[in-house]
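Participant: See input02.tsv below, with TSV, C-alpha atoms and all ligand atoms.
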chain	number	residue	atom	x	y	z
A	1086	MET	CA	-20.53	-20.85	-37.98
A	1087	ALA	CA	-21.23	-20.05	-34.37
A	1088	ILE	CA	-24.59	-19.02	-32.94
A	1089	LEU	CA	-24.47	-15.28	-32.34
A	1090	ILE	CA	-25.34	-14.49	-28.72
A	1091	ASP	CA	-27.21	-11.23	-29.24
A	1092	GLY	CA	-26.89	-9.00	-26.18
A	1093	LYS	CA	-28.63	-6.08	-27.82
A	1094	LYS	CA	-31.79	-8.05	-28.52
A	1095	THR	CA	-31.68	-9.80	-25.12
A	1096	SER	CA	-31.22	-6.52	-23.24
A	1097	GLU	CA	-34.22	-5.00	-25.06
A	1098	GLN	CA	-36.24	-8.06	-24.10
A	1099	ILE	CA	-35.23	-7.70	-20.43
A	1100	LYS	CA	-36.06	-3.98	-20.48
A	1101	SER	CA	-39.48	-4.70	-21.92
A	1102	GLU	CA	-40.10	-7.36	-19.21
A	1103	ILE	CA	-39.12	-4.77	-16.56
A	1104	ALA	CA	-41.35	-2.12	-18.17
A	1105	SER	CA	-44.31	-4.55	-18.04
A	1106	ARG	CA	-43.67	-5.18	-14.34
A	1107	VAL	CA	-43.49	-1.42	-13.69
A	1108	ALA	CA	-46.83	-0.99	-15.49
A	1109	GLU	CA	-48.36	-3.65	-13.20
A	1110	ILE	CA	-46.92	-1.91	-10.12
A	1111	LYS	CA	-48.35	1.42	-11.30
A	1112	ALA	CA	-51.76	-0.11	-12.03
A	1113	SER	CA	-51.93	-1.58	-8.53
A	1114	GLY	CA	-50.90	1.74	-6.94
A	1115	GLY	CA	-47.52	0.41	-5.80
A	1116	LYS	CA	-44.30	2.34	-5.44
A	1117	ILE	CA	-42.38	3.09	-8.65
A	1118	PRO	CA	-38.73	1.89	-8.48
A	1119	HIS	CA	-36.36	4.80	-7.94
A	1120	LEU	CA	-32.64	4.77	-8.79
A	1121	ALA	CA	-30.21	7.47	-7.63
A	1122	ALA	CA	-26.91	7.89	-9.47
A	1123	VAL	CA	-24.06	9.92	-8.01
A	1124	LEU	CA	-21.63	11.45	-10.50
A	1125	VAL	CA	-18.50	13.17	-9.19
A	1126	GLY	CA	-16.67	15.47	-11.62
A	1127	GLU	CA	-16.89	16.02	-15.34
A	1128	ASP	CA	-15.26	12.88	-16.82
A	1129	GLY	CA	-16.70	12.51	-20.33
A	1130	ALA	CA	-17.05	8.71	-20.35
A	1131	SER	CA	-18.65	8.71	-16.88
A	1132	GLN	CA	-21.15	11.36	-17.97
A	1133	THR	CA	-22.07	9.22	-20.99
A	1134	TYR	CA	-22.51	6.06	-18.86
A	1135	VAL	CA	-24.59	7.80	-16.21
A	1136	GLY	CA	-26.65	9.54	-18.91
A	1137	ALA	CA	-27.39	6.15	-20.51
A	1138	LYS	CA	-28.44	4.71	-17.13
A	1139	VAL	CA	-30.79	7.61	-16.42
A	1140	LYS	CA	-32.28	7.34	-19.92
A	1141	ALA	CA	-32.81	3.60	-19.47
A	1142	CYS	CA	-34.68	4.31	-16.22
A	1143	GLU	CA	-37.06	6.58	-18.13
A	1144	GLN	CA	-37.45	3.93	-20.82
A	1145	VAL	CA	-38.78	1.33	-18.35
A	1146	GLY	CA	-40.82	3.79	-16.26
A	1147	PHE	CA	-38.51	4.07	-13.22
A	1148	GLN	CA	-37.95	7.28	-11.35
A	1149	SER	CA	-34.34	8.44	-11.36
A	1150	THR	CA	-32.29	11.08	-9.59
A	1151	LEU	CA	-28.91	12.22	-10.84
A	1152	VAL	CA	-26.76	13.78	-8.12
A	1153	ARG	CA	-23.91	15.76	-9.70
A	1154	LEU	CA	-21.03	16.75	-7.43
A	1155	ASP	CA	-17.91	18.81	-8.10
A	1156	ALA	CA	-14.63	16.97	-8.70
A	1157	ASP	CA	-13.09	18.75	-5.69
A	1158	ILE	CA	-15.74	17.56	-3.22
A	1159	THR	CA	-14.13	16.23	-0.04
A	1160	GLU	CA	-14.31	12.56	0.83
A	1161	ASP	CA	-16.31	13.41	3.95
A	1162	ALA	CA	-18.84	15.42	1.97
A	1163	LEU	CA	-19.30	12.56	-0.51
A	1164	LEU	CA	-19.73	10.04	2.33
A	1165	HIS	CA	-22.31	12.38	3.82
A	1166	GLU	CA	-24.16	12.49	0.49
A	1167	VAL	CA	-24.18	8.69	0.27
A	1168	GLN	CA	-25.56	8.54	3.81
A	1169	ARG	CA	-28.28	11.05	2.88
A	1170	ILE	CA	-29.38	8.80	-0.01
A	1171	ASN	CA	-29.12	5.69	2.21
A	1172	ASP	CA	-31.60	7.39	4.54
A	1173	ASP	CA	-33.99	8.57	1.83
A	1174	ALA	CA	-36.86	6.09	2.01
A	1175	ASP	CA	-38.07	6.95	-1.48
A	1176	ILE	CA	-34.82	5.82	-3.16
A	1177	ASP	CA	-34.52	2.07	-3.75
A	1178	GLY	CA	-31.17	1.81	-5.53
A	1179	LEU	CA	-27.95	3.85	-5.29
A	1180	ILE	CA	-24.96	3.78	-7.60
A	1181	VAL	CA	-21.81	5.85	-7.41
A	1182	GLN	CA	-20.24	6.12	-10.87
A	1183	LEU	CA	-16.58	5.06	-10.94
A	1184	PRO	CA	-13.82	6.12	-11.26
A	1185	LEU	CA	-13.75	8.66	-8.43
A	1186	PRO	CA	-11.18	11.48	-8.16
A	1187	LYS	CA	-7.85	10.29	-6.72
A	1188	HIS	CA	-8.27	11.99	-3.33
A	1189	ILE	CA	-11.37	9.88	-2.58
A	1190	SER	CA	-11.18	6.26	-1.39
A	1191	VAL	CA	-13.37	4.01	-3.55
A	1192	GLU	CA	-13.31	1.42	-0.74
A	1193	LYS	CA	-14.66	3.89	1.84
A	1194	VAL	CA	-17.40	5.15	-0.46
A	1195	THR	CA	-18.42	1.64	-1.57
A	1196	ALA	CA	-18.51	0.41	2.02
A	1197	LYS	CA	-20.77	3.33	2.95
A	1198	ILE	CA	-23.53	2.28	0.53
A	1199	LYS	CA	-26.31	0.48	2.32
A	1200	PRO	CA	-26.26	-3.14	1.03
A	1201	GLU	CA	-30.06	-3.02	0.56
A	1202	LYS	CA	-29.58	-0.20	-1.99
A	1203	ASP	CA	-26.33	-1.46	-3.54
A	1204	VAL	CA	-27.77	-2.34	-6.97
A	1205	ASP	CA	-24.26	-2.37	-8.49
A	1206	GLY	CA	-23.49	-5.29	-6.16
A	1207	PHE	CA	-20.10	-3.82	-5.20
A	1208	THR	CA	-20.35	-3.70	-1.39
A	1209	PRO	CA	-18.47	-6.32	0.64
A	1210	ALA	CA	-21.82	-7.58	1.99
A	1211	ASN	CA	-23.23	-8.26	-1.46
A	1212	VAL	CA	-20.00	-9.69	-2.89
A	1213	GLY	CA	-19.93	-12.03	0.14
A	1214	ARG	CA	-23.52	-13.06	-0.47
A	1215	MET	CA	-22.67	-13.73	-4.12
A	1216	ALA	CA	-19.75	-15.94	-3.04
A	1217	LEU	CA	-22.08	-17.85	-0.70
A	1218	ASN	CA	-24.70	-18.18	-3.47
A	1219	TRP	CA	-27.21	-16.33	-1.30
A	1220	PRO	CA	-29.78	-14.01	-2.90
A	1221	THR	CA	-27.94	-10.79	-3.79
A	1222	TYR	CA	-27.46	-8.08	-6.37
A	1223	VAL	CA	-24.98	-9.67	-8.79
A	1224	SER	CA	-22.97	-6.87	-10.37
A	1225	ALA	CA	-24.00	-5.78	-13.83
A	1226	THR	CA	-21.45	-7.38	-16.17
A	1227	PRO	CA	-21.38	-10.83	-14.51
A	1228	TYR	CA	-25.17	-10.79	-14.20
A	1229	GLY	CA	-25.47	-9.89	-17.89
A	1230	ILE	CA	-23.23	-12.82	-18.85
A	1231	LEU	CA	-25.22	-15.27	-16.70
A	1232	GLU	CA	-28.44	-14.04	-18.27
A	1233	LEU	CA	-27.06	-14.52	-21.81
A	1234	LEU	CA	-25.96	-18.08	-20.98
A	1235	LYS	CA	-29.39	-18.78	-19.49
A	1236	ARG	CA	-31.47	-17.26	-22.27
A	1237	TYR	CA	-29.41	-19.01	-24.95
A	1238	GLU	CA	-29.77	-22.26	-22.94
A	1239	ILE	CA	-26.02	-22.88	-22.91
A	1240	GLU	CA	-25.24	-26.10	-21.02
A	1241	THR	CA	-22.73	-25.32	-18.27
A	1242	SER	CA	-22.84	-28.30	-15.89
A	1243	GLY	CA	-19.61	-30.29	-15.86
A	1244	LYS	CA	-18.00	-28.03	-18.46
A	1245	HIS	CA	-14.53	-26.58	-18.17
A	1246	CYS	CA	-14.85	-22.81	-17.94
A	1247	VAL	CA	-11.72	-20.73	-18.37
A	1248	VAL	CA	-11.88	-17.10	-17.30
A	1249	ILE	CA	-9.17	-14.75	-18.58
A	1250	GLY	CA	-8.80	-11.82	-16.15
A	1251	ARG	CA	-9.31	-11.59	-12.38
A	1252	SER	CA	-10.66	-8.06	-11.89
A	1253	HIS	CA	-13.12	-7.43	-9.06
A	1254	ILE	CA	-15.79	-6.34	-11.51
A	1255	VAL	CA	-15.61	-9.14	-14.10
A	1256	GLY	CA	-13.11	-12.02	-13.93
A	1257	SER	CA	-13.16	-12.78	-10.21
A	1258	PRO	CA	-16.98	-12.79	-9.76
A	1259	MET	CA	-17.42	-14.76	-13.02
A	1260	SER	CA	-15.10	-17.48	-11.76
A	1261	ILE	CA	-17.12	-17.77	-8.53
A	1262	LEU	CA	-20.48	-17.73	-10.30
A	1263	MET	CA	-19.51	-20.34	-12.89
A	1264	ALA	CA	-18.27	-22.71	-10.15
A	1265	ARG	CA	-21.33	-22.46	-7.89
A	1266	ASN	CA	-23.87	-25.24	-7.55
A	1267	ASP	CA	-26.54	-23.63	-9.73
A	1268	TYR	CA	-27.47	-22.89	-13.32
A	1269	PRO	CA	-25.58	-21.29	-14.97
A	1270	GLY	CA	-22.72	-22.80	-12.99
A	1271	ASN	CA	-21.47	-26.23	-11.94
A	1272	CYS	CA	-18.44	-25.71	-14.15
A	1273	THR	CA	-14.90	-26.74	-13.37
A	1274	VAL	CA	-13.30	-23.31	-13.42
A	1275	THR	CA	-9.80	-22.14	-14.20
A	1276	ILE	CA	-9.13	-18.46	-13.58
A	1277	THR	CA	-6.13	-16.93	-15.35
A	1278	HIS	CA	-4.28	-13.59	-15.20
A	1279	SER	CA	-1.14	-11.83	-16.35
A	1280	ARG	CA	1.17	-14.23	-14.45
A	1281	THR	CA	-0.46	-17.37	-15.85
A	1282	LYS	CA	1.89	-19.67	-17.76
A	1283	ASP	CA	0.75	-21.47	-20.93
A	1284	LEU	CA	-2.38	-19.36	-21.20
A	1285	ALA	CA	-2.98	-20.38	-24.81
A	1286	GLU	CA	-2.97	-24.09	-23.87
A	1287	ILE	CA	-5.31	-23.49	-20.93
A	1288	ALA	CA	-7.68	-21.39	-23.04
A	1289	LYS	CA	-7.73	-24.15	-25.65
A	1290	SER	CA	-8.99	-26.63	-23.07
A	1291	ALA	CA	-12.06	-24.49	-22.32
A	1292	ASP	CA	-15.60	-25.55	-23.20
A	1293	ILE	CA	-16.66	-22.05	-22.10
A	1294	LEU	CA	-14.13	-19.24	-22.47
A	1295	ILE	CA	-14.87	-15.93	-20.74
A	1296	VAL	CA	-12.44	-13.26	-21.89
A	1297	ALA	CA	-11.99	-10.07	-19.84
A	1298	LEU	CA	-8.37	-8.94	-19.94
A	1299	GLY	CA	-8.61	-5.64	-21.80
A	1300	ARG	CA	-6.24	-6.49	-24.71
A	1301	PRO	CA	-7.67	-5.91	-28.21
A	1302	GLU	CA	-8.16	-9.14	-30.20
A	1303	PHE	CA	-5.89	-11.08	-27.82
A	1304	VAL	CA	-7.73	-14.39	-28.23
A	1305	THR	CA	-7.10	-15.94	-31.64
A	1306	ALA	CA	-8.51	-19.09	-33.25
A	1307	GLU	CA	-5.48	-21.17	-32.17
A	1308	MET	CA	-6.39	-20.49	-28.53
A	1309	VAL	CA	-9.94	-21.81	-28.88
A	1310	LYS	CA	-11.25	-25.37	-28.92
A	1311	GLU	CA	-13.58	-26.38	-31.75
A	1312	GLY	CA	-17.17	-25.96	-30.50
A	1313	ALA	CA	-16.33	-23.78	-27.48
A	1314	VAL	CA	-18.70	-21.07	-26.21
A	1315	VAL	CA	-16.84	-17.74	-26.22
A	1316	ILE	CA	-17.92	-14.71	-24.18
A	1317	ASP	CA	-16.00	-11.55	-25.06
A	1318	VAL	CA	-16.19	-8.86	-22.39
A	1319	GLY	CA	-13.47	-6.59	-23.78
A	1320	ILE	CA	-14.33	-3.34	-25.45
A	1321	HIS	CA	-11.89	-1.12	-27.35
A	1322	ARG	CA	-12.13	1.79	-29.76
A	1323	VAL	CA	-9.96	1.60	-32.87
A	1324	ALA	CA	-9.62	4.30	-35.52
A	1325	ASP	CA	-11.71	3.59	-38.62
A	1326	GLU	CA	-12.00	6.28	-41.25
A	1327	SER	CA	-14.82	4.46	-43.02
A	1328	LYS	CA	-17.07	5.19	-39.99
A	1329	LYS	CA	-18.80	8.52	-39.48
A	1330	SER	CA	-17.62	8.54	-35.85
A	1331	GLY	CA	-14.02	7.86	-36.96
A	1332	PHE	CA	-13.77	4.69	-34.88
A	1333	ARG	CA	-15.21	1.21	-34.44
A	1334	LEU	CA	-15.44	-1.08	-31.44
A	1335	ILE	CA	-13.62	-4.38	-31.10
A	1336	GLY	CA	-13.31	-6.89	-28.27
A	1337	ASP	CA	-10.62	-8.99	-26.60
A	1338	VAL	CA	-11.36	-11.76	-29.12
A	1339	LYS	CA	-10.47	-11.86	-32.83
A	1340	PHE	CA	-14.10	-12.26	-33.76
A	1341	ASP	CA	-14.11	-13.55	-37.35
A	1342	GLU	CA	-11.57	-16.33	-36.96
A	1343	VAL	CA	-12.82	-17.41	-33.51
A	1344	ALA	CA	-16.47	-17.38	-34.66
A	1345	SER	CA	-15.63	-19.94	-37.33
A	1346	LYS	CA	-14.49	-22.37	-34.60
A	1347	ALA	CA	-16.84	-21.59	-31.69
A	1348	SER	CA	-20.33	-23.05	-31.24
A	1349	ALA	CA	-21.62	-19.75	-29.81
A	1350	ILE	CA	-20.03	-16.32	-29.39
A	1351	THR	CA	-20.87	-12.80	-28.23
A	1352	PRO	CA	-20.03	-10.03	-30.72
A	1353	VAL	CA	-18.51	-6.64	-29.89
A	1354	PRO	CA	-20.41	-4.40	-30.04
A	1355	GLY	CA	-23.82	-5.90	-29.29
A	1356	GLY	CA	-22.80	-8.71	-26.92
A	1357	VAL	CA	-22.03	-8.30	-23.22
A	1358	GLY	CA	-21.98	-4.47	-23.32
A	1359	PRO	CA	-25.70	-3.78	-23.79
A	1360	MET	CA	-26.57	-6.26	-21.01
A	1361	THR	CA	-25.01	-4.19	-18.24
A	1362	ILE	CA	-27.67	-1.48	-18.08
A	1363	ALA	CA	-30.46	-4.06	-18.28
A	1364	SER	CA	-28.82	-5.82	-15.30
A	1365	LEU	CA	-28.71	-2.60	-13.29
A	1366	LEU	CA	-32.40	-1.99	-13.98
A	1367	TYR	CA	-33.21	-5.56	-12.97
A	1368	ASN	CA	-31.34	-5.13	-9.67
A	1369	THR	CA	-33.19	-1.86	-9.03
A	1370	LEU	CA	-36.50	-3.63	-9.55
A	1371	LEU	CA	-35.39	-6.34	-7.07
A	1372	ALA	CA	-34.51	-3.59	-4.59
A	1373	ALA	CA	-37.84	-1.80	-4.99
A	1374	GLU	CA	-39.73	-5.06	-4.53
A	1375	ARG	CA	-37.55	-5.99	-1.51
A	1376	LYS	CA	-36.68	-9.32	-3.14
A	1377	ILE	CA	-33.12	-9.58	-1.78
A	1378	TYR	CA	-33.52	-7.96	1.65
A	1379	PRO	CA	-37.22	-8.46	2.53
A	1401	LIG	P1	-8.82	-4.94	-15.56
A	1401	LIG	O1	-9.31	-4.48	-14.24
A	1401	LIG	O2	-7.76	-4.18	-16.27
A	1401	LIG	O3	-8.33	-6.46	-15.39
A	1401	LIG	C1	-7.71	-7.12	-16.44
A	1401	LIG	C2	-7.36	-8.52	-15.98
A	1401	LIG	O4	-6.75	-9.20	-17.08
A	1401	LIG	C3	-6.34	-8.55	-14.84
A	1401	LIG	O5	-6.68	-9.55	-13.92
A	1401	LIG	C4	-5.03	-8.88	-15.53
A	1401	LIG	O6	-4.15	-9.65	-14.75
A	1401	LIG	C5	-5.50	-9.72	-16.70
A	1401	LIG	N1	-4.56	-9.64	-17.82
A	1401	LIG	C6	-4.03	-8.52	-18.37
A	1401	LIG	N2	-3.18	-8.85	-19.38
A	1401	LIG	C7	-3.17	-10.19	-19.43
A	1401	LIG	C8	-2.49	-11.13	-20.24
A	1401	LIG	N3	-1.65	-10.75	-21.21
A	1401	LIG	N4	-2.71	-12.44	-20.03
A	1401	LIG	C9	-3.57	-12.84	-19.07
A	1401	LIG	N5	-4.26	-12.01	-18.27
A	1401	LIG	C10	-4.04	-10.69	-18.44
A	1401	LIG	O7	-10.00	-5.07	-16.62
A	1401	LIG	P2	-11.60	-5.25	-16.44
A	1401	LIG	O8	-12.17	-4.07	-15.77
A	1401	LIG	O9	-11.91	-6.62	-15.93
A	1401	LIG	O10	-12.02	-5.19	-17.98
A	1401	LIG	C11	-11.54	-6.09	-18.95
A	1401	LIG	C12	-12.07	-5.66	-20.32
A	1401	LIG	O11	-13.48	-5.69	-20.31
A	1401	LIG	C13	-11.71	-4.21	-20.73
A	1401	LIG	O12	-11.56	-4.17	-22.13
A	1401	LIG	C14	-12.93	-3.42	-20.32
A	1401	LIG	O13	-13.10	-2.25	-21.08
A	1401	LIG	C15	-14.02	-4.42	-20.62
A	1401	LIG	N6	-15.25	-4.26	-19.82
A	1401	LIG	C16	-16.41	-4.32	-20.52
A	1401	LIG	C17	-17.60	-4.26	-19.85
A	1401	LIG	C18	-18.85	-4.35	-20.63
A	1401	LIG	O14	-19.88	-3.93	-20.19
A	1401	LIG	N7	-18.81	-4.94	-21.83
A	1401	LIG	C19	-17.64	-4.13	-18.46
A	1401	LIG	C20	-16.43	-4.11	-17.76
A	1401	LIG	C21	-15.24	-4.19	-18.46
A	1401	LIG	P3	-3.45	-9.12	-13.37
A	1401	LIG	O15	-4.53	-9.21	-12.34
A	1401	LIG	O16	-2.35	-10.08	-13.15
A	1401	LIG	O17	-3.01	-7.71	-13.66
Starting from the file, lay out its structure as structure tokens.
Facilitator:
Amino acid sequence: MAILIDGKKTSEQIKSEIASRVAEIKASGGKIPHLAAVLVGEDGASQTYVGAKVKACEQVGFQSTLVRLDADITEDALLHEVQRINDDADIDGLIVQLPLPKHISVEKVTAKIKPEKDVDGFTPANVGRMALNWPTYVSATPYGILELLKRYEIETSGKHCVVIGRSHIVGSPMSILMARNDYPGNCTVTITHSRTKDLAEIAKSADILIVALGRPEFVTAEMVKEGAVVIDVGIHRVADESKKSGFRLIGDVKFDEVASKASAITPVPGGVGPMTIASLLYNTLLAAERKIYP
């Protein structure tokens, strides 16, 4: 049976490390890290995510500011708001919760965020730095995966890493990070997507399989090599009457059958998901301490 890579426990550990650092900063009279989150509109899922981020800030002793804006705000007014936060010397990190309403360009808004405050790591400057393996804010999900590999001491050098999915937020950055000359990294990477032929064969050749395609239980045991490390990024709600909530969460990987073949695996829930907020907090601490842009 595979080792369970426990993202819930690891994220709590990271949050407690950050809280200890904040206590030290406070004791020495330093500036408390301050994260600003911009939420446009009333989307339920976005409100939940932003709420969880603000709560996590409180948990570790950060200051946080939630800027709520109406769904019909103009693009210019939102850009102006981002600029106002860019210029606010007290705010260290700035995130704009996605998705944005259709009349607003995500590219324009992202590009407006000052790279020094871009703790989501989405700006072209920080993505470029990531690709160059320069110090940067690695975006939350990829950073969370790297941290899990590191803390579970997964050997990556010389391994074949197959990434399923090429999105800007998960698959594409993961493929770059796993190929870089660093730890975790130094893998031979194959990145796959919806046009890939013989995906099952390619997946089966992976020592490390990172799955982020957004298809429930897509990866089955036949697609996995004996002893592979499997990282499941997918997250889906399925109806389950036995649960009080009426649903349960599953990933992109058929957990039970793949776990019996893998050497290590992340569960859903409790794997990659919980790591994302811890990663955001970590990046905010880096921003406050001017570790990336001195
Ligand atoms: P996305 O933007 O929809 O990208 C999906 C990628 O998978 C695309 O590159 C797509 O290929 C590829 N793909 C789709 N169907 C495929 C198939 N049958 N065979 C091979 N490749 C296929 O998704 P995402 O934002 O990366 O998210 C992926 C999953 O992770 C979702 O379930 C999402 O909810 C979850 N997620 C979880 C977290 C977390 O914190 N745990 C964070 C982010 C995302 P094309 O490029 O050719 O279309």
Participant: With distances taken over all atoms listed in the file, which of A:Val1318, A:Val1145, A:Ile1180, A:Ile1103 is nearest to ligand LIG 1401 (chain A)?
Facilitator: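 Answer, going by the shortest atom-to-atom distance: A:Val1318.
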Participant: Please find the residues contacting ligand LIG 1401 (chain A) at a distance of at most 10 Å between atoms, with all atoms listed in the file counted, and report them as a PyMOL selection string.
Facilitator: chain A and resi 1225-1227+1229-1230+1248-1257+1276-1285+1296-1301+1303-1304+1317-1322+1335-1337+1353-1362
Participant: Neighbouring residues of Lys1289 (chain A) were defined as those with any atom within 8 Å, considering all atoms listed in the file; residues of the same chain fewer than 6 positions away were excluded. Please report them as a list in words.
Facilitator: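 Surrounding residues, per the criterion: Glu1307, Met1308, Val1309 and Lys1310 of chain A.
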Participant: Do you have the CA of Asp1292 (chain A)-CA of Val1314 (chain A) distance handy?
Facilitator: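 Computing it gives 6.2 Å between the two atoms.
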Participant: Is it possible to get the residues within 12 Å of (-17.4, 6.8, -0.7) (coordinates as in the file, counting all atoms listed in the file) written as a count of residues only?
Facilitator: 37
Participant: Taking only C-alpha atoms into account, produce a table as JSON lines in which each residue of region 1298-1379 of chain A with an atom at most 9 Å from an atom of region 1215-1221 of chain A appears once, together with its shortest atom pair and the distance in Å to one decimal, ordered by chain and rising number.
Facilitator:
{"residue": "A:Asn1368", "atom": "CA", "partner": "A:Thr1221", "partner_atom": "CA", "distance": 8.8}
{"residue": "A:Lys1376", "atom": "CA", "partner": "A:Pro1220", "partner_atom": "CA", "distance": 8.3}
{"residue": "A:Ile1377", "atom": "CA", "partner": "A:Pro1220", "partner_atom": "CA", "distance": 5.7}
{"residue": "A:Tyr1378", "atom": "CA", "partner": "A:Thr1221", "partner_atom": "CA", "distance": 8.3}
Participant: Could you state the separation of CA of Leu1371 (chain A) and CA of Gly1126 (chain A) in Å, given to one decimal place?
Facilitator: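 About the pair CA of Leu1371 (chain A) and CA of Gly1126 (chain A): they are 29.1 Å apart.
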Participant: Using only C-alpha atoms, which of A:Phe1332, A:Tyr1222, A:Tyr1268, A:Phe1340 sits nearest Ile1316 (chain A)?
Facilitator: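 So, comparing all the options, the nearest one is A:Phe1340.
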Participant: Please report the interatomic distance between CA of Thr1095 (chain A) and CA of Gln1144 (chain A) in Å with one decimal.
Facilitator: 15.5 Å
Participant: For Lys1202 (chain A), find every residue with an atom within 9 Å (counting all atoms listed in the file), except residues of its own chain fewer than 4 positions away, and show them as a list in words.
Facilitator: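 Listed by chain and then number, they are Leu1120, Asn1171, Ile1176, Asp1177, Gly1178, Leu1179, Ile1180, Ile1198, Gly1206, Thr1369, Ala1372 and Ala1373 of chain A.
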Participant: From the set A:Met1086, A:Ala1130, A:Thr1150, A:Glu1232, which residue has the shortest atom-to-atom contact distance to Ala1363 (chain A), counting all atoms listed in the file?
Facilitator: A:Glu1232
Participant: What's around Gly1146 (chain A) at 12 Å? Count all atoms listed in the file, leave out sequence neighbours fewer than 3 positions away in its own chain, and write the answer as a list in words.
Facilitator: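 The residues satisfying every condition are Lys1100, Ser1101, Glu1102, Ile1103, Ala1104, Ser1105, Arg1106, Val1107, Ala1108, Glu1109, Ile1110, Lys1111, Lys1116, Ile1117, Pro1118, His1119, Leu1120, Val1139, Lys1140, Ala1141, Cys1142, Glu1143, Ser1149, Leu1366, Thr1369 and Leu1370 of chain A.
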Participant: Could you check the closest approach to Pro1352 (chain A) for each of A:Glu1240, A:Asp1091, A:Asp1157, A:Asp1267 and tell me which residue wins, using only C-alpha atoms?
Facilitator: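 Closest to Pro1352 (chain A), using only C-alpha atoms: A:Asp1091.
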Participant: Set the distance at 9 Å and use all atoms listed in the file: which residues neighbour Asn1271 (chain A) once local chain neighbours fewer than 2 positions away are removed? I'd like the list as a short mmCIF file (atom, residue, chain, number, x, y, z; two decimals) with C-alpha atoms, keeping the file's coordinate frame.
Facilitator:
data_model
loop_
_atom_site.label_atom_id
_atom_site.label_comp_id
_atom_site.auth_asym_id
_atom_site.auth_seq_id
_atom_site.Cartn_x
_atom_site.Cartn_y
_atom_site.Cartn_z
CA THR A 1241 -22.73 -25.32 -18.27
CA SER A 1242 -22.84 -28.30 -15.89
CA GLY A 1243 -19.61 -30.29 -15.86
CA LYS A 1244 -18.00 -28.03 -18.46
CA LEU A 1262 -20.48 -17.73 -10.30
CA MET A 1263 -19.51 -20.34 -12.89
CA ALA A 1264 -18.27 -22.71 -10.15
CA ARG A 1265 -21.33 -22.46 -7.89
CA ASN A 1266 -23.87 -25.24 -7.55
CA ASP A 1267 -26.54 -23.63 -9.73
CA TYR A 1268 -27.47 -22.89 -13.32
CA PRO A 1269 -25.58 -21.29 -14.97
CA THR A 1273 -14.90 -26.74 -13.37
CA VAL A 1274 -13.30 -23.31 -13.42
#
